[in-house]
Amino acid sequence: MSFIAKTCYYFDKPGPVNTKDAAHFAIERAKELRLKTIIVASSSGGTAQVFFDAMKGTGLSLVVVTHVMGFAKAGEWEFSEQTAQVLRNQGAKIVTGTHALSGLERALSKSPKVGGASRTEAIAEALRRVIAVGLKVAVECVLIAADQGAVGIDEEVIAVGGTASGADTVCVIRPAYTASFFDLQVREIVAMPRVR
């Protein structure tokens, strides 16, 4: 039997206090595995900026996945336009796509006319509750990035998510398109909150 040993970091608690460490761990594992891309979730641009600054000079590519227009407030995009411009000018990709693990499904389950939970939301909730909120976010961001053509499905990526804000979960994922969800593989969990 053959195996490899890897370091996994466990944060004492979830949340944005872990963002800088998550960036460090993501870069460290990307270099170790000779991966090219780090995908990070960022609602306002703050987490994206932390990762961008940490990644300077590494040769790694940054893909930032943001909330869609109207996610928090109708007609508004939460992400800072100024930060988006700076990141794009420096070579980062910014992807905005409908949440793969909710989107239309959430509209149906929230509707008093239709109601009930969906299978897609059950998958999302299982990832959130059983492993970590950040894992659900990381998986969803990889799906969105693949669907938008920002990453291919033939090379592993580092994917980063968080709990509410910031970053606290770092994974190695083999991407898939949303329509091929069960081809996606979480191959490593590099860091996550131990207690959620």
# chains A, B, ... in the order shown; residues from 1 in each chain; ligands from 1

$ residues_around --residues "Val157 (chain A)" --least-positions-apart "6" --cutoff "7 Å" --atoms "only C-alpha atoms" --output "count of residues only"
6

$ residues_around --residues "region 127-136 of chain A" --least-positions-apart "3" --cutoff "8 Å" --atoms "only C-alpha atoms" --output "ChimeraX atom specification"
/A:123-124,139-140,160-163,167-171,192-193,196

$ residues_around --residues "Ala145 (chain A)" --least-positions-apart "4" --cutoff "9 Å" --atoms "only C-alpha atoms" --output "PyMOL selection string"
chain A and resi 39+63-65+95-97+140-141+149-152+175+177

$ write_last_selection --atoms "all heavy atoms" --output "JSON list (two decimals), in the first residue's frame"
[["chain", "number", "residue", "atom", "x", "y", "z"],
["A", 39, "ILE", "N", -8.24, 29.74, -6.76],
["A", 39, "ILE", "CA", -9.58, 30.32, -6.90],
["A", 39, "ILE", "C", -10.03, 30.75, -5.52],
["A", 39, "ILE", "O", -9.99, 29.95, -4.58],
["A", 39, "ILE", "CB", -10.57, 29.28, -7.47],
["A", 39, "ILE", "CG1", -10.13, 28.82, -8.86],
["A", 39, "ILE", "CG2", -11.99, 29.85, -7.52],
["A", 39, "ILE", "CD1", -10.95, 27.67, -9.42],
["A", 63, "VAL", "N", -7.95, 33.59, -9.61],
["A", 63, "VAL", "CA", -9.31, 33.68, -10.13],
["A", 63, "VAL", "C", -10.19, 34.02, -8.95],
["A", 63, "VAL", "O", -10.22, 33.30, -7.95],
["A", 63, "VAL", "CB", -9.77, 32.36, -10.79],
["A", 63, "VAL", "CG1", -11.24, 32.47, -11.21],
["A", 63, "VAL", "CG2", -8.89, 31.99, -11.97],
["A", 64, "VAL", "N", -10.89, 35.14, -9.04],
["A", 64, "VAL", "CA", -11.76, 35.61, -7.97],
["A", 64, "VAL", "C", -13.21, 35.35, -8.40],
["A", 64, "VAL", "O", -13.60, 35.75, -9.49],
["A", 64, "VAL", "CB", -11.56, 37.12, -7.72],
["A", 64, "VAL", "CG1", -12.49, 37.60, -6.61],
["A", 64, "VAL", "CG2", -10.11, 37.42, -7.39],
["A", 65, "VAL", "N", -13.98, 34.70, -7.54],
["A", 65, "VAL", "CA", -15.39, 34.45, -7.83],
["A", 65, "VAL", "C", -16.22, 35.31, -6.89],
["A", 65, "VAL", "O", -16.05, 35.25, -5.67],
["A", 65, "VAL", "CB", -15.75, 32.95, -7.68],
["A", 65, "VAL", "CG1", -17.23, 32.72, -7.96],
["A", 65, "VAL", "CG2", -14.89, 32.12, -8.63],
["A", 95, "VAL", "N", -14.65, 36.47, -11.90],
["A", 95, "VAL", "CA", -15.77, 35.72, -12.46],
["A", 95, "VAL", "C", -17.00, 35.97, -11.59],
["A", 95, "VAL", "O", -16.94, 35.85, -10.36],
["A", 95, "VAL", "CB", -15.45, 34.20, -12.48],
["A", 95, "VAL", "CG1", -16.64, 33.41, -12.96],
["A", 95, "VAL", "CG2", -14.23, 33.93, -13.33],
["A", 96, "THR", "N", -18.09, 36.32, -12.23],
["A", 96, "THR", "CA", -19.35, 36.51, -11.52],
["A", 96, "THR", "C", -20.35, 35.56, -12.15],
["A", 96, "THR", "O", -20.61, 35.65, -13.35],
["A", 96, "THR", "CB", -19.84, 37.97, -11.65],
["A", 96, "THR", "OG1", -18.82, 38.82, -11.11],
["A", 96, "THR", "CG2", -21.13, 38.18, -10.90],
["A", 97, "GLY", "N", -20.87, 34.66, -11.37],
["A", 97, "GLY", "CA", -21.81, 33.69, -11.90],
["A", 97, "GLY", "C", -22.83, 33.30, -10.85],
["A", 97, "GLY", "O", -22.60, 33.46, -9.65],
["A", 140, "GLU", "N", -18.36, 25.43, -4.82],
["A", 140, "GLU", "CA", -19.24, 26.23, -5.67],
["A", 140, "GLU", "C", -18.44, 27.19, -6.56],
["A", 140, "GLU", "O", -18.73, 27.35, -7.74],
["A", 140, "GLU", "CB", -20.21, 27.01, -4.80],
["A", 140, "GLU", "CG", -21.37, 27.60, -5.55],
["A", 140, "GLU", "CD", -22.51, 27.93, -4.61],
["A", 140, "GLU", "OE1", -22.25, 28.52, -3.53],
["A", 140, "GLU", "OE2", -23.66, 27.61, -4.94],
["A", 141, "CYS", "N", -17.40, 27.79, -6.00],
["A", 141, "CYS", "CA", -16.57, 28.71, -6.78],
["A", 141, "CYS", "C", -15.84, 28.00, -7.92],
["A", 141, "CYS", "O", -15.71, 28.54, -9.02],
["A", 141, "CYS", "CB", -15.57, 29.42, -5.88],
["A", 141, "CYS", "SG", -16.33, 30.68, -4.85],
["A", 149, "GLY", "N", -15.42, 29.25, -17.93],
["A", 149, "GLY", "CA", -14.21, 29.07, -18.73],
["A", 149, "GLY", "C", -12.97, 29.70, -18.12],
["A", 149, "GLY", "O", -11.95, 29.82, -18.78],
["A", 150, "ALA", "N", -13.02, 30.09, -16.86],
["A", 150, "ALA", "CA", -11.87, 30.70, -16.20],
["A", 150, "ALA", "C", -10.82, 29.67, -15.80],
["A", 150, "ALA", "O", -9.65, 30.01, -15.62],
["A", 150, "ALA", "CB", -12.32, 31.49, -14.97],
["A", 151, "VAL", "N", -11.24, 28.42, -15.63],
["A", 151, "VAL", "CA", -10.31, 27.31, -15.39],
["A", 151, "VAL", "C", -10.77, 26.11, -16.21],
["A", 151, "VAL", "O", -11.95, 25.98, -16.52],
["A", 151, "VAL", "CB", -10.24, 26.89, -13.89],
["A", 151, "VAL", "CG1", -9.69, 28.02, -13.04],
["A", 151, "VAL", "CG2", -11.59, 26.43, -13.37],
["A", 152, "GLY", "N", -9.82, 25.27, -16.55],
["A", 152, "GLY", "CA", -10.16, 24.03, -17.24],
["A", 152, "GLY", "C", -10.54, 22.97, -16.24],
["A", 152, "GLY", "O", -10.46, 23.18, -15.02],
["A", 175, "PRO", "N", -11.47, 20.27, -10.87],
["A", 175, "PRO", "CA", -12.71, 20.92, -11.28],
["A", 175, "PRO", "C", -13.62, 20.06, -12.14],
["A", 175, "PRO", "O", -13.20, 19.07, -12.74],
["A", 175, "PRO", "CB", -12.22, 22.13, -12.10],
["A", 175, "PRO", "CG", -10.81, 22.34, -11.69],
["A", 175, "PRO", "CD", -10.29, 20.97, -11.37],
["A", 177, "TYR", "N", -17.60, 20.89, -14.47],
["A", 177, "TYR", "CA", -18.68, 21.82, -14.78],
["A", 177, "TYR", "C", -19.86, 21.47, -13.88],
["A", 177, "TYR", "O", -20.01, 20.34, -13.42],
["A", 177, "TYR", "CB", -19.09, 21.71, -16.24],
["A", 177, "TYR", "CG", -17.96, 21.93, -17.21],
["A", 177, "TYR", "CD1", -17.53, 20.92, -18.06],
["A", 177, "TYR", "CD2", -17.31, 23.17, -17.27],
["A", 177, "TYR", "CE1", -16.49, 21.12, -18.95],
["A", 177, "TYR", "CE2", -16.26, 23.38, -18.15],
["A", 177, "TYR", "CZ", -15.85, 22.36, -18.98],
["A", 177, "TYR", "OH", -14.81, 22.56, -19.85]]

$ select_by_dssp --residues "chain A" --states "strand (DSSP E)" --output "PyMOL selection string"
chain A and resi 9-11+37-41+61-66+93-96+157-163+165-174+185-193

$ closest_residue --among "A:Ala146, A:Val190, A:Ala122, A:Ile4" --to "Ala23 (chain A)" --atoms "only C-alpha atoms"
A:Val190

$ closest_residue --among "A:Ala179, A:Ala72, A:Ala26, A:Ala164" --to "Ala191 (chain A)" --atoms "only C-alpha atoms"
A:Ala26

$ atom_distance --atom1 "CA of Gly57 (chain A)" --atom2 "CA of Glu78 (chain A)"
28.2 Å
